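S.K.: Okay, so here is coords_1.cif, and as you'll see once you scroll down, it has mmCIF, C-alpha atoms.
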```
data_my_file
#
loop_
_atom_site.label_atom_id
_atom_site.label_comp_id
_atom_site.auth_asym_id
_atom_site.auth_seq_id
_atom_site.Cartn_x
_atom_site.Cartn_y
_atom_site.Cartn_z
CA MET A 250 98.80 121.31 93.32
CA ILE A 251 99.26 120.12 96.88
CA ASN A 252 96.17 122.09 97.93
CA ASP A 253 94.21 120.53 95.05
CA TYR A 254 95.42 117.09 96.11
CA ILE A 255 94.35 117.64 99.73
CA ARG A 256 90.93 118.87 98.61
CA GLU A 257 90.41 115.82 96.36
CA LEU A 258 91.57 113.48 99.14
CA LEU A 259 89.20 114.97 101.71
CA GLU A 260 86.31 114.72 99.24
CA GLU A 261 87.06 111.12 98.28
CA ASN A 262 87.49 110.18 101.94
CA LYS A 263 83.78 110.85 102.41
CA LYS A 264 83.04 108.06 99.90
CA GLN A 265 85.66 105.48 100.89
CA ASN A 266 87.84 105.13 103.95
CA LEU A 267 91.18 106.23 102.52
CA ILE A 268 92.31 107.77 105.80
CA SER A 269 90.62 108.18 109.18
CA ARG A 270 87.13 109.65 108.78
CA GLN A 271 88.05 112.18 111.45
CA ALA A 272 91.28 113.25 109.72
CA THR A 273 91.71 117.02 109.60
CA GLU A 274 93.38 119.06 106.90
CA GLU A 275 96.24 119.72 109.33
CA GLU A 276 96.79 115.97 109.79
CA ILE A 277 96.79 115.43 106.03
CA ARG A 278 99.38 118.18 105.64
CA GLU A 279 101.54 116.28 108.13
CA HIS A 280 101.25 113.20 105.89
CA VAL A 281 102.33 115.36 102.95
CA GLU A 282 105.29 116.74 104.90
CA ASP A 283 106.24 113.23 106.00
CA SER A 284 106.11 112.04 102.38
CA GLU A 285 108.20 114.94 101.10
CA TYR A 286 110.86 114.47 103.79
CA LEU A 287 112.43 111.78 101.61
CA ARG A 288 113.82 114.60 99.45
CA ASN A 289 115.99 115.63 102.41
CA VAL A 290 117.43 112.11 102.57
CA ILE A 291 117.92 111.19 98.90
CA ASP A 292 118.28 113.16 95.67
CA LEU A 293 115.30 111.97 93.61
CA LYS A 294 116.00 113.98 90.48
CA GLY A 295 115.64 111.97 87.28
CA LEU A 296 114.88 108.68 89.00
CA ARG A 297 112.39 106.00 87.98
CA ILE A 298 110.46 105.28 91.18
CA LEU A 299 107.90 102.59 92.04
CA ASP A 300 105.58 103.15 95.00
CA ILE A 301 104.11 100.05 96.66
CA GLY A 302 100.53 100.20 97.98
CA SER A 303 99.91 103.80 97.01
CA GLY A 304 96.41 103.85 98.57
CA GLN A 305 95.58 107.49 99.25
CA GLY A 306 98.66 108.70 97.38
CA PHE A 307 101.31 108.92 100.11
CA PRO A 308 104.21 109.30 99.49
CA ALA A 309 104.08 109.15 95.68
CA ILE A 310 101.70 112.02 94.86
CA PRO A 311 103.47 114.71 96.94
CA LEU A 312 106.83 113.48 95.63
CA ALA A 313 105.62 113.46 92.00
CA ILE A 314 104.38 117.03 92.43
CA SER A 315 107.67 118.22 93.91
CA GLU A 316 109.92 116.20 91.55
CA PRO A 317 108.54 116.74 88.01
CA GLY A 318 111.75 115.40 86.46
CA SER A 319 111.31 111.96 88.04
CA ASN A 320 108.92 109.23 86.89
CA PHE A 321 106.60 107.48 89.33
CA VAL A 322 104.70 104.21 89.03
CA LEU A 323 102.01 103.88 91.70
CA VAL A 324 101.03 100.27 92.39
CA GLU A 325 97.70 99.67 94.11
CA SER A 326 95.74 96.41 94.03
CA ASP A 327 92.45 97.74 95.46
CA LEU A 328 90.01 98.70 92.69
CA LYS A 329 88.43 101.76 94.32
CA LYS A 330 91.74 103.15 95.53
CA SER A 331 93.40 102.63 92.16
CA MET A 332 90.47 104.34 90.41
CA PHE A 333 90.78 107.30 92.79
CA LEU A 334 94.52 107.54 92.08
CA LYS A 335 94.05 107.36 88.31
CA ASP A 336 91.41 110.09 88.46
CA LEU A 337 93.64 112.16 90.75
CA VAL A 338 96.63 111.95 88.39
CA LEU A 339 94.40 113.18 85.55
CA LYS A 340 92.88 116.02 87.57
CA LEU A 341 96.26 117.20 88.81
CA GLY A 342 97.79 116.90 85.33
CA LEU A 343 100.69 114.82 86.63
CA LYS A 344 102.52 113.78 83.46
CA ASN A 345 105.22 111.97 85.46
CA ALA A 346 102.92 109.56 87.34
CA GLU A 347 101.26 106.34 86.22
CA VAL A 348 98.88 104.18 88.27
CA ILE A 349 98.86 100.41 87.86
CA ARG A 350 96.23 98.20 89.47
CA ALA A 351 98.12 95.01 90.31
CA ARG A 352 99.67 93.01 93.09
CA ILE A 353 103.32 93.88 93.53
CA GLU A 354 104.16 90.15 93.64
CA GLU A 355 102.95 89.86 90.03
CA LEU A 356 105.00 92.82 88.86
CA GLY A 357 108.09 91.43 90.58
CA LYS A 358 107.93 88.44 88.20
CA ASN A 359 107.29 90.58 85.13
CA SER A 360 110.38 91.41 83.04
CA ASP A 361 108.97 94.88 82.31
CA PHE A 362 109.28 95.69 86.02
CA ARG A 363 111.80 93.34 87.60
CA GLY A 364 115.19 94.96 88.05
CA CYS A 365 114.02 98.12 86.28
CA PHE A 366 113.64 100.80 88.98
CA ASP A 367 116.10 103.22 90.55
CA MET A 368 114.02 103.45 93.70
CA VAL A 369 111.11 101.85 95.56
CA THR A 370 109.06 103.69 98.18
CA CYS A 371 106.62 102.22 100.68
CA ARG A 372 104.82 104.00 103.52
CA ALA A 373 102.56 102.39 106.13
CA VAL A 374 101.79 99.23 104.15
CA ALA A 375 103.49 96.21 105.76
CA GLU A 376 106.28 94.98 108.03
CA LEU A 377 109.81 95.62 106.78
CA PRO A 378 110.70 92.00 105.79
CA VAL A 379 107.54 91.94 103.66
CA ILE A 380 108.35 95.28 102.03
CA LEU A 381 111.85 94.02 101.23
CA GLU A 382 110.52 90.89 99.51
CA TRP A 383 108.12 92.97 97.46
CA GLY A 384 110.47 95.83 96.65
CA ILE A 385 114.05 94.64 96.24
CA PRO A 386 113.36 92.39 93.18
CA VAL A 387 112.04 95.32 91.12
CA LEU A 388 115.12 97.44 91.86
CA ARG A 389 118.18 97.52 89.63
CA VAL A 390 121.42 96.61 91.38
CA ASN A 391 122.54 99.68 93.39
CA GLY A 392 118.94 100.92 93.44
CA LEU A 393 117.44 102.13 96.73
CA LEU A 394 114.36 101.22 98.75
CA ALA A 395 112.90 103.72 101.23
CA ALA A 396 110.52 102.41 103.91
CA TRP A 397 108.79 104.73 106.36
CA LYS A 398 108.82 103.25 109.88
CA GLY A 399 107.79 104.27 113.39
CA ILE A 400 109.69 104.28 116.68
CA ARG A 401 110.45 100.56 116.37
CA ALA A 402 112.51 101.01 113.22
CA GLY A 403 115.58 99.46 114.87
CA GLU A 404 113.61 96.38 115.87
CA ALA A 405 112.21 96.13 112.33
CA ILE A 406 115.73 96.15 110.90
CA GLU A 407 116.81 93.40 113.30
CA LYS A 408 113.88 91.27 112.15
CA SER A 409 114.84 91.88 108.51
CA GLN A 410 118.39 90.52 108.55
CA ARG A 411 117.47 87.20 106.91
CA ALA A 412 115.38 88.93 104.25
CA LEU A 413 118.22 91.35 103.49
CA GLU A 414 120.70 88.49 103.13
CA ILE A 415 118.44 86.39 100.89
CA LEU A 416 117.23 89.24 98.67
CA GLY A 417 120.54 91.05 98.27
CA GLY A 418 119.82 94.16 100.32
CA GLU A 419 121.85 96.23 102.76
CA VAL A 420 120.64 98.96 105.12
CA ILE A 421 122.75 102.02 104.34
CA GLN A 422 120.90 104.75 106.25
CA VAL A 423 118.21 105.33 108.87
CA ALA A 424 116.96 108.90 108.77
CA ASP A 425 115.23 110.10 111.94
CA TYR A 426 113.18 113.29 112.17
CA GLU A 427 110.10 114.82 113.79
CA ILE A 428 106.84 116.01 112.29
CA GLY A 429 103.97 117.23 114.42
CA GLY A 430 105.92 116.33 117.55
CA LYS A 431 106.17 112.67 116.52
CA LYS A 432 109.41 110.78 115.94
CA ARG A 433 109.64 109.21 112.49
CA PHE A 434 112.15 107.15 110.56
CA ILE A 435 112.94 106.31 106.94
CA VAL A 436 114.95 103.12 106.46
CA VAL A 437 117.04 103.21 103.27
CA VAL A 438 118.13 99.88 101.76
CA LYS A 439 120.52 99.46 98.85
CA LYS A 440 120.27 96.49 96.48
CA VAL A 441 123.81 95.10 96.31
CA LYS A 442 123.19 91.98 94.19
CA GLU A 443 120.49 90.32 92.12
CA SER A 444 117.57 88.76 94.01
CA PRO A 445 116.93 85.02 93.59
CA PRO A 446 114.31 84.39 90.86
CA GLN A 447 111.82 82.74 93.25
CA TYR A 448 111.21 86.08 94.99
CA PRO A 449 108.79 87.67 95.45
CA ARG A 450 106.73 84.60 96.27
CA ARG A 451 103.15 84.33 95.02
CA GLY A 452 100.34 86.48 96.44
CA GLY A 453 100.10 86.64 100.21
CA LEU A 454 103.04 84.39 101.12
CA ALA A 455 105.34 87.25 102.07
CA LYS A 456 102.86 88.35 104.74
CA LYS A 457 101.91 84.84 105.87
CA ARG A 458 105.48 83.57 106.11
CA PRO A 459 107.88 86.55 106.24
CA LEU A 460 111.52 85.80 105.49
#
```
What is this structure when it is put down as structure tokens?

M.R.:
Amino acid sequence: MINDYIRELLEENKKQNLISRQATEEEIREHVEDSEYLRNVIDLKGLRILDIGSGQGFPAIPLAISEPGSNFVLVESDLKKSMFLKDLVLKLGLKNAEVIRARIEELGKNSDFRGCFDMVTCRAVAELPVILEWGIPVLRVNGLLAAWKGIRAGEAIEKSQRALEILGGEVIQVADYEIGGKKRFIVVVKKVKESPPQYPRRGGLAKKRPL
């Protein structure tokens, strides 16, 4: 299934810029490996997981393939990308993955999503304070958020202290590892109390005025 996914991604990348036009199969396999590394950090079995800004399918598609007993909701606001993901889920026969075209800020206010997930994942989408505002409100208390970060992960955490305090989050782990000779980090945040009802703020505000 991973090979089928990579083939579909390379083909679709010719039509829309999902990843770098010059991306090789080897580079895509590194993205897959990076996505799947979360399984070394957290036991995902049986969890209900929401992925923010799923785009080309990382990390949700590789994780959904490797964790058939978990349920994944892929949130993507871009029309073309969401259509690609919906088509991909059908072609791969992924019964445990659902694609929703929406802004995460809207879902965070929706009672069908707010406080309903065991885990939130987000890879290469936004700065950490922004991810926290988007992701923590949809978690249940004691749920976990995993954010993939680069070599400045420590700096990102420092900048997120206010957001963590306001939203009810606490950094419980920073996993560091190497793939393809590059240092990588996954920041794991636990939701320790309910988030105030005004968060997430309406579309775009989290990015314009981060907490």

S.K.: Measuring between all atoms listed in the file, which one of A:Gly364, A:Gly342, A:Pro446, A:Gly392 shows the shortest distance to Val420 (chain A)?

M.R.: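 Among the listed residues, A:Gly392 lies closest to Val420 (chain A).
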
S.K.: Nearest residue to Arg297 (chain A) out of A:Arg433, A:Arg458, A:Lys439, A:Arg389, using all atoms listed in the file?

M.R.: A:Arg389

S.K.: Taking the file as shown, what set of residues would the PyMOL selection byres ((chain A and resi 281) around 10) give back, as a list of chain:residue names?

M.R.: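 Residues picked by the PyMOL selection byres ((chain A and resi 281) around 10): A:Ile251, A:Tyr254, A:Ile255, A:Glu275, A:Glu276, A:Ile277, A:Arg278, A:Glu279, A:His280, A:Glu282, A:Asp283, A:Ser284, A:Glu285, A:Tyr286, A:Gly306, A:Phe307, A:Pro308, A:Ala309, A:Ile310, A:Pro311, A:Leu312.
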
S.K.: Enumerate, as a CSV table (one decimal) with C-alpha atoms, keeping the file's coordinate frame, the residues matched when the PyMOL selection byres ((chain A and resi 434) around 9) is run on the file above.

M.R.:
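Wrote it out as expr_38.csv, contents follow:
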```
chain,number,residue,atom,x,y,z
A,396,ALA,CA,110.5,102.4,103.9
A,397,TRP,CA,108.8,104.7,106.4
A,398,LYS,CA,108.8,103.2,109.9
A,399,GLY,CA,107.8,104.3,113.4
A,400,ILE,CA,109.7,104.3,116.7
A,401,ARG,CA,110.4,100.6,116.4
A,402,ALA,CA,112.5,101.0,113.2
A,423,VAL,CA,118.2,105.3,108.9
A,424,ALA,CA,117.0,108.9,108.8
A,425,ASP,CA,115.2,110.1,111.9
A,426,TYR,CA,113.2,113.3,112.2
A,427,GLU,CA,110.1,114.8,113.8
A,432,LYS,CA,109.4,110.8,115.9
A,433,ARG,CA,109.6,109.2,112.5
A,435,ILE,CA,112.9,106.3,106.9
A,436,VAL,CA,115.0,103.1,106.5
```

S.K.: What lies within 9 Å of region 334-340 of chain A using only C-alpha atoms, ignoring chain neighbours under 6 positions off, as a short mmCIF file (atom, residue, chain, number, x, y, z; two decimals) with C-alpha atoms, in the frame of the given file?

M.R.:
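Everything below was put into out.cif:
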```cif
data_model
loop_
_atom_site.label_atom_id
_atom_site.label_comp_id
_atom_site.auth_asym_id
_atom_site.auth_seq_id
_atom_site.Cartn_x
_atom_site.Cartn_y
_atom_site.Cartn_z
CA ASP A 253 94.21 120.53 95.05
CA TYR A 254 95.42 117.09 96.11
CA GLU A 257 90.41 115.82 96.36
CA LEU A 258 91.57 113.48 99.14
CA SER A 303 99.91 103.80 97.01
CA GLY A 304 96.41 103.85 98.57
CA GLN A 305 95.58 107.49 99.25
CA GLY A 306 98.66 108.70 97.38
CA ILE A 310 101.70 112.02 94.86
CA LEU A 323 102.01 103.88 91.70
CA GLU A 325 97.70 99.67 94.11
CA ALA A 346 102.92 109.56 87.34
CA GLU A 347 101.26 106.34 86.22
CA VAL A 348 98.88 104.18 88.27
CA ILE A 349 98.86 100.41 87.86
#
```

S.K.: Counting all atoms listed in the file, figure out which residue out of A:Met332, A:Ala272, A:Ile353, A:Leu293 gets nearest to Ile385 (chain A).

M.R.: A:Ile353

S.K.: May I ask for the distance between CA of Lys457 (chain A) and CA of Lys408 (chain A), given in Å to one decimal place?

M.R.: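 Distance reported for this atom pair: 15.0 Å.
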
S.K.: Have region 331-342 of chain A completed to all heavy atoms, please, and pass it along as a PDB file, keeping the file's coordinate frame.

M.R.:
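Generated output (rebuild-v4.pdb):
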```
ATOM      1  N   SER A 331      92.672 102.416  93.416  1.00  0.00           N
ATOM      2  CA  SER A 331      93.400 102.630  92.160  1.00  0.00           C
ATOM      3  C   SER A 331      92.620 103.559  91.232  1.00  0.00           C
ATOM      4  O   SER A 331      93.210 104.388  90.532  1.00  0.00           O
ATOM      5  CB  SER A 331      93.688 101.294  91.464  1.00  0.00           C
ATOM      6  OG  SER A 331      92.496 100.647  91.070  1.00  0.00           O
ATOM      7  N   MET A 332      91.297 103.440  91.226  1.00  0.00           N
ATOM      8  CA  MET A 332      90.470 104.340  90.410  1.00  0.00           C
ATOM      9  C   MET A 332      90.592 105.779  90.901  1.00  0.00           C
ATOM     10  O   MET A 332      90.680 106.713  90.100  1.00  0.00           O
ATOM     11  CB  MET A 332      89.004 103.885  90.428  1.00  0.00           C
ATOM     12  CG  MET A 332      88.748 102.619  89.629  1.00  0.00           C
ATOM     13  SD  MET A 332      87.027 102.035  89.747  1.00  0.00           S
ATOM     14  CE  MET A 332      86.165 103.371  88.945  1.00  0.00           C
ATOM     15  N   PHE A 333      90.597 105.959  92.218  1.00  0.00           N
ATOM     16  CA  PHE A 333      90.780 107.300  92.790  1.00  0.00           C
ATOM     17  C   PHE A 333      92.129 107.875  92.362  1.00  0.00           C
ATOM     18  O   PHE A 333      92.222 109.034  91.938  1.00  0.00           O
ATOM     19  CB  PHE A 333      90.699 107.242  94.317  1.00  0.00           C
ATOM     20  CG  PHE A 333      91.294 108.443  95.006  1.00  0.00           C
ATOM     21  CD1 PHE A 333      90.701 109.692  94.891  1.00  0.00           C
ATOM     22  CD2 PHE A 333      92.464 108.327  95.751  1.00  0.00           C
ATOM     23  CE1 PHE A 333      91.258 110.815  95.509  1.00  0.00           C
ATOM     24  CE2 PHE A 333      93.024 109.433  96.372  1.00  0.00           C
ATOM     25  CZ  PHE A 333      92.429 110.677  96.246  1.00  0.00           C
ATOM     26  N   LEU A 334      93.179 107.069  92.436  1.00  0.00           N
ATOM     27  CA  LEU A 334      94.520 107.540  92.080  1.00  0.00           C
ATOM     28  C   LEU A 334      94.625 107.895  90.604  1.00  0.00           C
ATOM     29  O   LEU A 334      95.227 108.909  90.240  1.00  0.00           O
ATOM     30  CB  LEU A 334      95.561 106.481  92.448  1.00  0.00           C
ATOM     31  CG  LEU A 334      95.820 106.279  93.949  1.00  0.00           C
ATOM     32  CD1 LEU A 334      96.667 105.033  94.176  1.00  0.00           C
ATOM     33  CD2 LEU A 334      96.485 107.503  94.561  1.00  0.00           C
ATOM     34  N   LYS A 335      94.026 107.068  89.749  1.00  0.00           N
ATOM     35  CA  LYS A 335      94.050 107.360  88.310  1.00  0.00           C
ATOM     36  C   LYS A 335      93.330 108.668  88.007  1.00  0.00           C
ATOM     37  O   LYS A 335      93.806 109.495  87.213  1.00  0.00           O
ATOM     38  CB  LYS A 335      93.421 106.204  87.530  1.00  0.00           C
ATOM     39  CG  LYS A 335      94.296 104.965  87.468  1.00  0.00           C
ATOM     40  CD  LYS A 335      93.612 103.839  86.704  1.00  0.00           C
ATOM     41  CE  LYS A 335      94.506 102.595  86.666  1.00  0.00           C
ATOM     42  NZ  LYS A 335      93.888 101.472  85.933  1.00  0.00           N
ATOM     43  N   ASP A 336      92.187 108.861  88.639  1.00  0.00           N
ATOM     44  CA  ASP A 336      91.410 110.090  88.460  1.00  0.00           C
ATOM     45  C   ASP A 336      92.194 111.293  88.994  1.00  0.00           C
ATOM     46  O   ASP A 336      92.220 112.365  88.379  1.00  0.00           O
ATOM     47  CB  ASP A 336      90.073 109.957  89.186  1.00  0.00           C
ATOM     48  CG  ASP A 336      89.129 111.110  88.882  1.00  0.00           C
ATOM     49  OD1 ASP A 336      88.946 111.433  87.704  1.00  0.00           O
ATOM     50  OD2 ASP A 336      88.574 111.683  89.843  1.00  0.00           O
ATOM     51  N   LEU A 337      92.854 111.102  90.125  1.00  0.00           N
ATOM     52  CA  LEU A 337      93.640 112.160  90.750  1.00  0.00           C
ATOM     53  C   LEU A 337      94.800 112.606  89.848  1.00  0.00           C
ATOM     54  O   LEU A 337      95.036 113.807  89.656  1.00  0.00           O
ATOM     55  CB  LEU A 337      94.183 111.662  92.088  1.00  0.00           C
ATOM     56  CG  LEU A 337      95.008 112.637  92.931  1.00  0.00           C
ATOM     57  CD1 LEU A 337      94.144 113.793  93.400  1.00  0.00           C
ATOM     58  CD2 LEU A 337      95.618 111.916  94.123  1.00  0.00           C
ATOM     59  N   VAL A 338      95.512 111.634  89.278  1.00  0.00           N
ATOM     60  CA  VAL A 338      96.630 111.950  88.390  1.00  0.00           C
ATOM     61  C   VAL A 338      96.156 112.773  87.195  1.00  0.00           C
ATOM     62  O   VAL A 338      96.814 113.728  86.779  1.00  0.00           O
ATOM     63  CB  VAL A 338      97.327 110.643  87.927  1.00  0.00           C
ATOM     64  CG1 VAL A 338      98.234 110.885  86.737  1.00  0.00           C
ATOM     65  CG2 VAL A 338      98.121 110.033  89.084  1.00  0.00           C
ATOM     66  N   LEU A 339      94.970 112.422  86.669  1.00  0.00           N
ATOM     67  CA  LEU A 339      94.400 113.180  85.550  1.00  0.00           C
ATOM     68  C   LEU A 339      94.017 114.597  85.971  1.00  0.00           C
ATOM     69  O   LEU A 339      94.341 115.569  85.285  1.00  0.00           O
ATOM     70  CB  LEU A 339      93.171 112.456  84.994  1.00  0.00           C
ATOM     71  CG  LEU A 339      93.425 111.235  84.116  1.00  0.00           C
ATOM     72  CD1 LEU A 339      92.107 110.539  83.784  1.00  0.00           C
ATOM     73  CD2 LEU A 339      94.146 111.632  82.824  1.00  0.00           C
ATOM     74  N   LYS A 340      93.346 114.707  87.103  1.00  0.00           N
ATOM     75  CA  LYS A 340      92.880 116.020  87.570  1.00  0.00           C
ATOM     76  C   LYS A 340      94.049 116.951  87.888  1.00  0.00           C
ATOM     77  O   LYS A 340      93.972 118.160  87.641  1.00  0.00           O
ATOM     78  CB  LYS A 340      91.990 115.858  88.807  1.00  0.00           C
ATOM     79  CG  LYS A 340      90.602 115.328  88.498  1.00  0.00           C
ATOM     80  CD  LYS A 340      89.765 115.202  89.759  1.00  0.00           C
ATOM     81  CE  LYS A 340      88.342 114.747  89.425  1.00  0.00           C
ATOM     82  NZ  LYS A 340      87.520 114.560  90.657  1.00  0.00           N
ATOM     83  N   LEU A 341      95.108 116.385  88.447  1.00  0.00           N
ATOM     84  CA  LEU A 341      96.260 117.200  88.810  1.00  0.00           C
ATOM     85  C   LEU A 341      97.179 117.472  87.605  1.00  0.00           C
ATOM     86  O   LEU A 341      98.072 118.308  87.682  1.00  0.00           O
ATOM     87  CB  LEU A 341      97.069 116.522  89.915  1.00  0.00           C
ATOM     88  CG  LEU A 341      96.382 116.360  91.268  1.00  0.00           C
ATOM     89  CD1 LEU A 341      97.288 115.606  92.235  1.00  0.00           C
ATOM     90  CD2 LEU A 341      95.995 117.710  91.857  1.00  0.00           C
ATOM     91  N   GLY A 342      96.949 116.741  86.503  1.00  0.00           N
ATOM     92  CA  GLY A 342      97.790 116.900  85.330  1.00  0.00           C
ATOM     93  C   GLY A 342      99.210 116.418  85.541  1.00  0.00           C
ATOM     94  O   GLY A 342     100.158 116.991  84.995  1.00  0.00           O
TER      95      GLY A 342
END
```
